[in-house]
>>> print(open('structure02.cif').read())   # mmCIF, C-alpha atoms and all ligand atoms
data_protein
#
loop_
_atom_site.label_atom_id
_atom_site.label_comp_id
_atom_site.auth_asym_id
_atom_site.auth_seq_id
_atom_site.Cartn_x
_atom_site.Cartn_y
_atom_site.Cartn_z
CA MET A 52 -58.81 -58.80 37.04
CA ASN A 53 -61.80 -58.28 39.34
CA ASP A 54 -62.38 -61.35 41.49
CA LYS A 55 -65.14 -59.84 43.64
CA THR A 56 -68.11 -62.15 44.01
CA THR A 57 -71.64 -60.99 44.65
CA ILE A 58 -73.06 -63.12 47.44
CA ALA A 59 -76.45 -61.55 48.00
CA ARG A 60 -78.71 -58.73 46.87
CA ALA A 61 -81.74 -57.20 48.57
CA PRO A 62 -83.86 -54.07 48.40
CA GLY A 63 -82.67 -51.46 50.88
CA HIS A 64 -83.75 -48.14 52.36
CA CYS A 65 -82.14 -46.09 49.57
CA GLY A 66 -81.71 -48.55 46.71
CA GLU A 67 -80.36 -52.03 46.24
CA LEU A 68 -78.05 -53.50 48.88
CA VAL A 69 -75.31 -55.81 47.60
CA LEU A 70 -73.02 -58.00 49.68
CA ARG A 71 -69.74 -58.85 47.91
CA ARG A 72 -66.80 -61.04 48.84
CA ASP A 73 -63.27 -60.00 47.88
CA GLY A 74 -60.84 -62.68 48.98
CA ALA A 75 -61.10 -62.95 52.77
CA HIS A 76 -63.13 -59.74 53.02
CA HIS A 77 -66.70 -58.62 52.55
CA GLU A 78 -68.10 -55.31 51.40
CA ILE A 79 -71.58 -53.85 51.41
CA ILE A 80 -72.71 -51.61 48.56
CA ALA A 81 -75.87 -49.49 48.84
CA ASN A 82 -77.40 -48.10 45.66
CA GLY A 83 -74.08 -48.55 43.84
CA MET A 84 -72.10 -46.70 46.54
CA PHE A 85 -69.62 -48.25 48.94
CA LEU A 86 -71.15 -48.47 52.44
CA MET A 87 -68.70 -50.48 54.56
CA ASP A 88 -66.20 -53.34 54.37
CA THR A 89 -64.39 -55.68 56.73
CA ARG A 90 -60.83 -54.56 55.86
CA ALA A 91 -59.79 -52.03 58.53
CA GLY A 92 -62.00 -50.94 61.42
CA GLU A 93 -59.51 -48.92 63.49
CA SER A 94 -61.51 -45.69 63.50
CA GLU A 95 -64.82 -47.57 63.92
CA ARG A 96 -63.35 -49.14 67.08
CA LEU A 97 -61.94 -45.81 68.30
CA LEU A 98 -65.44 -44.32 67.99
CA ILE A 99 -66.47 -46.74 70.73
CA THR A 100 -63.42 -46.97 72.95
CA ALA A 101 -62.95 -43.18 73.16
CA ALA A 102 -66.60 -42.74 74.15
CA ALA A 103 -66.64 -45.69 76.56
CA ASP A 104 -63.45 -44.49 78.30
CA ARG A 105 -65.19 -41.16 79.04
CA MET A 106 -68.85 -42.11 79.62
CA PRO A 107 -70.41 -41.82 83.10
CA GLY A 108 -72.35 -45.12 83.09
CA PRO A 109 -72.60 -48.51 81.37
CA HIS A 110 -75.18 -48.06 78.56
CA LEU A 111 -73.89 -47.18 75.09
CA LEU A 112 -75.85 -46.72 71.86
CA ILE A 113 -74.41 -47.45 68.41
CA GLY A 114 -76.02 -45.88 65.36
CA GLY A 115 -75.32 -48.15 62.37
CA LEU A 116 -74.34 -51.83 62.68
CA GLY A 117 -72.36 -51.98 59.41
CA VAL A 118 -70.08 -55.01 59.57
CA GLY A 119 -69.93 -55.08 63.37
CA PHE A 120 -66.49 -53.58 64.17
CA SER A 121 -68.03 -51.03 66.54
CA LEU A 122 -70.36 -53.52 68.24
CA ARG A 123 -67.50 -55.95 68.87
CA ALA A 124 -65.39 -53.12 70.31
CA ALA A 125 -68.26 -52.18 72.64
CA LEU A 126 -68.79 -55.72 73.90
CA THR A 127 -65.08 -56.11 74.68
CA HIS A 128 -64.81 -52.79 76.55
CA PRO A 129 -64.86 -53.31 80.33
CA ARG A 130 -67.04 -50.24 81.04
CA VAL A 131 -69.84 -51.28 78.66
CA HIS A 132 -72.56 -53.46 80.20
CA GLU A 133 -75.42 -52.76 77.79
CA VAL A 134 -75.39 -51.88 74.07
CA THR A 135 -78.32 -50.66 72.00
CA VAL A 136 -77.63 -50.91 68.25
CA VAL A 137 -79.98 -49.09 65.90
CA GLU A 138 -79.75 -50.26 62.25
CA ARG A 139 -82.33 -49.41 59.59
CA GLU A 140 -81.40 -52.13 57.07
CA GLU A 141 -82.84 -55.45 58.25
CA GLN A 142 -80.77 -57.19 55.58
CA VAL A 143 -77.56 -55.79 57.07
CA ILE A 144 -78.59 -57.28 60.42
CA ALA A 145 -79.33 -60.61 58.70
CA TRP A 146 -75.95 -60.62 56.89
CA ASN A 147 -74.20 -60.00 60.22
CA ARG A 148 -75.82 -63.20 61.50
CA THR A 149 -74.76 -65.20 58.46
CA HIS A 150 -72.03 -64.17 56.01
CA LEU A 151 -70.28 -61.67 58.29
CA GLY A 152 -69.87 -64.08 61.22
CA ASN A 153 -71.30 -61.81 63.92
CA GLN A 154 -74.06 -64.04 65.30
CA ASP A 155 -72.26 -64.04 68.68
CA LEU A 156 -72.48 -60.23 68.90
CA LEU A 157 -76.20 -60.13 68.18
CA ASP A 158 -76.96 -63.04 70.53
CA ASP A 159 -74.95 -61.51 73.39
CA PRO A 160 -77.42 -60.78 76.24
CA ARG A 161 -75.96 -57.26 76.56
CA THR A 162 -76.94 -56.41 72.96
CA HIS A 163 -80.34 -54.94 72.07
CA CYS A 164 -80.59 -54.67 68.29
CA VAL A 165 -83.29 -52.27 67.12
CA PRO A 166 -84.25 -52.47 63.42
CA ALA A 167 -85.19 -48.83 62.98
CA ASP A 168 -84.20 -45.51 61.49
CA LEU A 169 -82.15 -43.66 64.09
CA THR A 170 -83.42 -40.26 62.96
CA THR A 171 -87.00 -41.13 63.94
CA TRP A 172 -86.34 -43.70 66.68
CA LEU A 173 -83.94 -41.69 68.85
CA PRO A 174 -86.02 -38.49 69.29
CA GLN A 175 -88.93 -40.68 70.46
CA SER A 176 -86.91 -42.97 72.71
CA PRO A 177 -87.86 -42.66 76.39
CA GLN A 178 -84.33 -43.90 77.23
CA THR A 179 -81.21 -41.86 77.70
CA PHE A 180 -77.72 -43.25 77.09
CA ASP A 181 -74.30 -42.76 78.63
CA ALA A 182 -72.77 -42.60 75.16
CA LEU A 183 -74.19 -42.13 71.67
CA CYS A 184 -71.78 -43.44 69.02
CA LEU A 185 -72.95 -42.52 65.53
CA ASP A 186 -71.54 -43.99 62.34
CA ILE A 187 -74.41 -43.86 59.85
CA ASP A 188 -72.87 -41.54 57.23
CA ASN A 189 -69.57 -40.59 55.65
CA GLY A 190 -69.66 -37.64 58.02
CA PRO A 191 -71.69 -34.58 59.09
CA ASP A 192 -71.07 -32.90 55.71
CA TRP A 193 -71.55 -36.04 53.57
CA THR A 194 -74.68 -37.89 54.58
CA LEU A 195 -76.69 -40.69 52.99
CA GLY A 196 -79.71 -38.38 52.74
CA GLU A 197 -81.57 -35.38 54.11
CA ASP A 198 -83.05 -37.34 57.03
CA ASN A 199 -79.61 -38.28 58.26
CA ALA A 200 -78.32 -34.73 57.67
CA SER A 201 -80.87 -33.42 60.18
CA LEU A 202 -78.96 -35.14 63.01
CA TYR A 203 -75.94 -32.86 62.52
CA SER A 204 -77.88 -29.57 62.39
CA ALA A 205 -78.02 -27.27 65.43
CA GLU A 206 -81.44 -28.74 66.29
CA GLY A 207 -80.17 -32.27 65.71
CA VAL A 208 -77.19 -31.73 68.01
CA ARG A 209 -79.52 -30.42 70.74
CA MET A 210 -81.74 -33.49 70.31
CA LEU A 211 -78.69 -35.76 70.61
CA ARG A 212 -77.59 -33.99 73.79
CA SER A 213 -81.10 -34.46 75.25
CA ARG A 214 -80.77 -38.26 74.77
CA LEU A 215 -77.62 -38.37 76.94
CA THR A 216 -77.46 -38.93 80.68
CA PRO A 217 -75.73 -36.12 82.66
CA GLY A 218 -72.05 -36.20 81.70
CA GLY A 219 -72.83 -38.45 78.74
CA VAL A 220 -70.67 -38.51 75.61
CA LEU A 221 -71.57 -38.01 71.97
CA ALA A 222 -69.15 -39.60 69.47
CA VAL A 223 -69.54 -39.10 65.71
CA TRP A 224 -67.50 -40.86 62.99
CA SER A 225 -66.48 -38.99 59.86
CA ALA A 226 -64.32 -39.55 56.80
CA ALA A 227 -63.31 -35.87 56.86
CA ALA A 228 -62.82 -32.92 59.20
CA SER A 229 -65.68 -30.44 59.65
CA THR A 230 -65.06 -27.08 61.29
CA ALA A 231 -68.76 -26.22 60.93
CA PHE A 232 -69.82 -29.31 62.87
CA VAL A 233 -67.24 -28.66 65.60
CA ALA A 234 -68.61 -25.14 65.96
CA ARG A 235 -72.15 -26.54 66.29
CA LEU A 236 -70.99 -29.04 68.92
CA ARG A 237 -69.37 -26.24 70.90
CA THR A 238 -72.70 -24.41 71.15
CA ALA A 239 -74.37 -27.41 72.82
CA PHE A 240 -71.55 -29.12 74.77
CA THR A 241 -68.84 -27.85 77.10
CA ALA A 242 -66.00 -30.13 75.96
CA VAL A 243 -65.28 -31.00 72.32
CA GLU A 244 -62.36 -33.11 71.09
CA VAL A 245 -61.38 -34.18 67.58
CA LEU A 246 -59.43 -37.43 67.19
CA GLU A 247 -57.80 -38.44 63.90
CA VAL A 248 -56.88 -41.87 62.55
CA PRO A 249 -54.49 -41.89 59.57
CA VAL A 250 -55.64 -43.93 56.58
CA ALA A 251 -53.51 -45.40 53.78
CA ARG A 252 -54.66 -42.82 51.21
CA GLY A 253 -56.41 -39.50 51.60
CA GLU A 254 -57.66 -37.56 54.60
CA PRO A 255 -57.56 -39.14 58.06
CA ASP A 256 -60.75 -40.58 59.52
CA VAL A 257 -62.13 -38.39 62.29
CA VAL A 258 -63.98 -39.06 65.55
CA PHE A 259 -65.73 -36.03 67.06
CA LEU A 260 -66.29 -36.29 70.82
CA ALA A 261 -68.54 -33.99 72.82
CA SER A 262 -69.63 -34.04 76.46
C1 LIG B 301 -70.56 -47.19 57.73
S1 LIG B 301 -71.73 -48.33 58.30
C2 LIG B 301 -71.37 -48.50 60.03
C3 LIG B 301 -70.07 -49.19 60.29
C4 LIG B 301 -69.93 -49.69 61.71
N1 LIG B 301 -69.44 -48.64 62.58
C5 LIG B 301 -69.02 -50.89 61.78
O1 LIG B 301 -68.27 -50.99 62.75
O2 LIG B 301 -69.04 -51.73 60.87
C6 LIG B 301 -73.22 -47.37 58.37
C7 LIG B 301 -74.44 -48.16 58.82
O3 LIG B 301 -75.45 -47.26 59.22
C8 LIG B 301 -76.69 -47.70 58.71
N2 LIG B 301 -77.58 -46.53 58.63
C9 LIG B 301 -77.51 -45.49 57.77
N3 LIG B 301 -78.44 -44.58 58.06
C10 LIG B 301 -79.12 -45.04 59.15
C11 LIG B 301 -80.20 -44.53 59.92
N4 LIG B 301 -80.76 -43.36 59.63
N5 LIG B 301 -80.65 -45.26 60.97
C12 LIG B 301 -80.06 -46.46 61.28
N6 LIG B 301 -79.04 -47.00 60.56
C13 LIG B 301 -78.56 -46.28 59.53
C14 LIG B 301 -76.34 -48.32 57.37
O4 LIG B 301 -77.35 -49.21 56.93
C15 LIG B 301 -75.02 -49.03 57.72
O5 LIG B 301 -75.23 -50.33 58.20
#
>>> encode(input="structure02.cif", output="structure tokens")
Amino acid sequence: MNDKTTIARAPGHCGELVLRRDGAHHEIIANGMFLMDTRAGESERLLITAAADRMPGPHLLIGGLGVGFSLRAALTHPRVHEVTVVEREEQVIAWNRTHLGNQDLLDDPRTHCVPADLTTWLPQSPQTFDALCLDIDNGPDWTLGEDNASLYSAEGVRMLRSRLTPGGVLAVWSAAASTAFVARLRTAFTAVEVLEVPVARGEPDVVFLAS
């Protein structure tokens, strides 16, 4: 029996966005594909805490609000004093304020929520960040589209490095390992680490760290 309930639907960047409830949990579907749910969150939190532990200053950027695990982890980390969140789906931001119970995160004076596409917003940003924490795709080799894929190319990695303060940290979430992406990171950064988080079924989640 499927007791999932559709709560809301809205047009999104790449097809229809659907918010569903499944018992105590919520899930977001984009164009018929699973985007994010509220069930786990361990690797989404590690993306933040690993970067924040290593970053040289207090300003961290999150690419992709999702259901807010990463933003909550940032706001509870003692070294984070300012968080810029870039999210291209305005409806995802709205659902965080309502159904997902994250109004407090978005109203926090340390949070700046930017409704924009990271791939165009970040290269034009006059700001640099002490950490860039990206979770906008299933990983460097499995992206939501060509625009997002450009971020993980050699040119994209150089652009990301240019948006970091000296000693700043790039953190990238992935549902799978990627030796090609690690090799690209090594050409642009001096230190590269790969952290793994076991999941109930399948490959571990991965957090790539570069500084
Ligand atoms: C897997 S979810 C992020 C999960 C998040 N780490 C959390 O803790 O819930 C990916 C998010 O990135 C957003 N996104 C995808 N591509 C984007 C882009 N190019 N610019 C900004 N946001 C993007 C999606 O709309 C979605 O909200």
>>> residues_around(input="structure02.cif", residues="Val131 (chain A)", least_positions_apart="6", cutoff="10 Å", atoms="all atoms listed in the file", output="JSON list (two decimals) with C-alpha atoms, keeping the file's coordinate frame")
[["chain", "number", "residue", "atom", "x", "y", "z"],
["A", 99, "ILE", "CA", -66.47, -46.74, 70.73],
["A", 100, "THR", "CA", -63.42, -46.97, 72.95],
["A", 103, "ALA", "CA", -66.64, -45.69, 76.56],
["A", 104, "ASP", "CA", -63.45, -44.49, 78.30],
["A", 106, "MET", "CA", -68.85, -42.11, 79.62],
["A", 108, "GLY", "CA", -72.35, -45.12, 83.09],
["A", 109, "PRO", "CA", -72.60, -48.51, 81.37],
["A", 110, "HIS", "CA", -75.18, -48.06, 78.56],
["A", 111, "LEU", "CA", -73.89, -47.18, 75.09],
["A", 124, "ALA", "CA", -65.39, -53.12, 70.31],
["A", 125, "ALA", "CA", -68.26, -52.18, 72.64],
["A", 161, "ARG", "CA", -75.96, -57.26, 76.56],
["A", 181, "ASP", "CA", -74.30, -42.76, 78.63],
["A", 182, "ALA", "CA", -72.77, -42.60, 75.16]]
>>> closest_residue(input="structure02.cif", among="A:Ser121, A:Thr179, A:Ser229, A:Gln142", to="ligand LIG 301 (chain B)", atoms="all atoms listed in the file")
A:Ser121
>>> closest_residue(input="structure02.cif", among="A:Arg235, A:Arg123, A:Lys55, A:Arg71", to="Leu202 (chain A)", atoms="only C-alpha atoms")
A:Arg235
>>> residues_near_ligand(input="structure02.cif", ligand="ligand LIG 301 (chain B)", cutoff="6 Å", atoms="only C-alpha atoms and all ligand atoms", output="PyMOL selection string")
chain A and resi 86-87+95+114-121+137-140+167-170+186-188+199
>>> atom_distance(input="structure02.cif", atom1="CA of Asp192 (chain A)", atom2="CA of Ala251 (chain A)")
21.6 Å
>>> atom_distance(input="structure02.cif", atom1="CA of Val220 (chain A)", atom2="CA of Asp158 (chain A)")
25.8 Å
>>> atom_distance(input="structure02.cif", atom1="CA of Gly63 (chain A)", atom2="CA of Val143 (chain A)")
9.1 Å
>>> decode(input="structure02.cif", residues="region 209-220 of chain A", atoms="all heavy atoms", output="compact mmCIF listing (two decimals), in the first residue's frame")
# COMPACT_ATOMS: atom_id res chain seq x y z
N ARG A 209 38.23 25.61 -11.34
CA ARG A 209 39.05 26.83 -11.19
C ARG A 209 38.19 28.02 -10.78
O ARG A 209 38.58 28.84 -9.95
CB ARG A 209 39.79 27.15 -12.50
CG ARG A 209 41.01 26.26 -12.74
CD ARG A 209 41.90 26.84 -13.84
NE ARG A 209 41.23 26.86 -15.14
CZ ARG A 209 41.20 25.82 -15.99
NH1 ARG A 209 41.82 24.70 -15.66
NH2 ARG A 209 40.58 25.90 -17.14
N MET A 210 36.98 28.11 -11.35
CA MET A 210 36.07 29.19 -10.96
C MET A 210 35.73 29.07 -9.47
O MET A 210 35.74 30.05 -8.73
CB MET A 210 34.80 29.15 -11.83
CG MET A 210 33.80 30.27 -11.57
SD MET A 210 32.75 30.05 -10.12
CE MET A 210 31.73 28.65 -10.64
N LEU A 211 35.43 27.85 -9.03
CA LEU A 211 35.08 27.65 -7.61
C LEU A 211 36.25 28.07 -6.72
O LEU A 211 36.05 28.77 -5.71
CB LEU A 211 34.72 26.18 -7.36
CG LEU A 211 33.42 25.70 -8.04
CD1 LEU A 211 33.29 24.18 -7.95
CD2 LEU A 211 32.20 26.37 -7.41
N ARG A 212 37.45 27.69 -7.10
CA ARG A 212 38.62 28.08 -6.29
C ARG A 212 38.74 29.60 -6.22
O ARG A 212 39.08 30.16 -5.18
CB ARG A 212 39.89 27.47 -6.87
CG ARG A 212 41.09 27.60 -5.92
CD ARG A 212 42.37 27.25 -6.61
NE ARG A 212 42.57 28.06 -7.80
CZ ARG A 212 43.53 27.89 -8.69
NH1 ARG A 212 44.39 26.92 -8.54
NH2 ARG A 212 43.63 28.67 -9.74
N SER A 213 38.43 30.28 -7.32
CA SER A 213 38.56 31.75 -7.36
C SER A 213 37.55 32.44 -6.45
O SER A 213 37.70 33.62 -6.13
CB SER A 213 38.40 32.27 -8.79
OG SER A 213 37.02 32.26 -9.17
N ARG A 214 36.49 31.74 -6.06
CA ARG A 214 35.46 32.32 -5.18
C ARG A 214 35.74 32.02 -3.70
O ARG A 214 34.91 32.32 -2.84
CB ARG A 214 34.05 31.77 -5.53
CG ARG A 214 33.57 32.05 -6.94
CD ARG A 214 33.30 33.53 -7.20
NE ARG A 214 34.50 34.22 -7.56
CZ ARG A 214 34.79 35.48 -7.24
NH1 ARG A 214 33.99 36.19 -6.53
NH2 ARG A 214 35.92 36.04 -7.61
N LEU A 215 36.91 31.43 -3.42
CA LEU A 215 37.30 31.13 -2.04
C LEU A 215 38.31 32.14 -1.52
O LEU A 215 39.17 32.61 -2.28
CB LEU A 215 37.93 29.72 -1.96
CG LEU A 215 36.97 28.54 -2.10
CD1 LEU A 215 37.76 27.25 -2.31
CD2 LEU A 215 36.08 28.41 -0.86
N THR A 216 38.22 32.46 -0.25
CA THR A 216 39.26 33.26 0.39
C THR A 216 40.53 32.41 0.48
O THR A 216 40.47 31.18 0.36
CB THR A 216 38.83 33.66 1.82
OG1 THR A 216 38.51 32.46 2.53
CG2 THR A 216 37.61 34.57 1.81
N PRO A 217 41.71 33.03 0.71
CA PRO A 217 42.94 32.22 0.84
C PRO A 217 42.76 31.17 1.96
O PRO A 217 42.30 31.50 3.05
CB PRO A 217 44.00 33.26 1.21
CG PRO A 217 43.48 34.54 0.60
CD PRO A 217 41.98 34.47 0.74
N GLY A 218 43.08 29.94 1.63
CA GLY A 218 42.92 28.85 2.61
C GLY A 218 41.50 28.33 2.69
O GLY A 218 41.20 27.45 3.51
N GLY A 219 40.62 28.86 1.85
CA GLY A 219 39.21 28.44 1.87
C GLY A 219 39.02 27.00 1.42
O GLY A 219 39.90 26.41 0.79
N VAL A 220 37.84 26.46 1.75
CA VAL A 220 37.57 25.03 1.54
C VAL A 220 36.39 24.84 0.59
O VAL A 220 35.34 25.45 0.77
CB VAL A 220 37.22 24.35 2.89
CG1 VAL A 220 36.95 22.86 2.70
CG2 VAL A 220 38.32 24.57 3.91
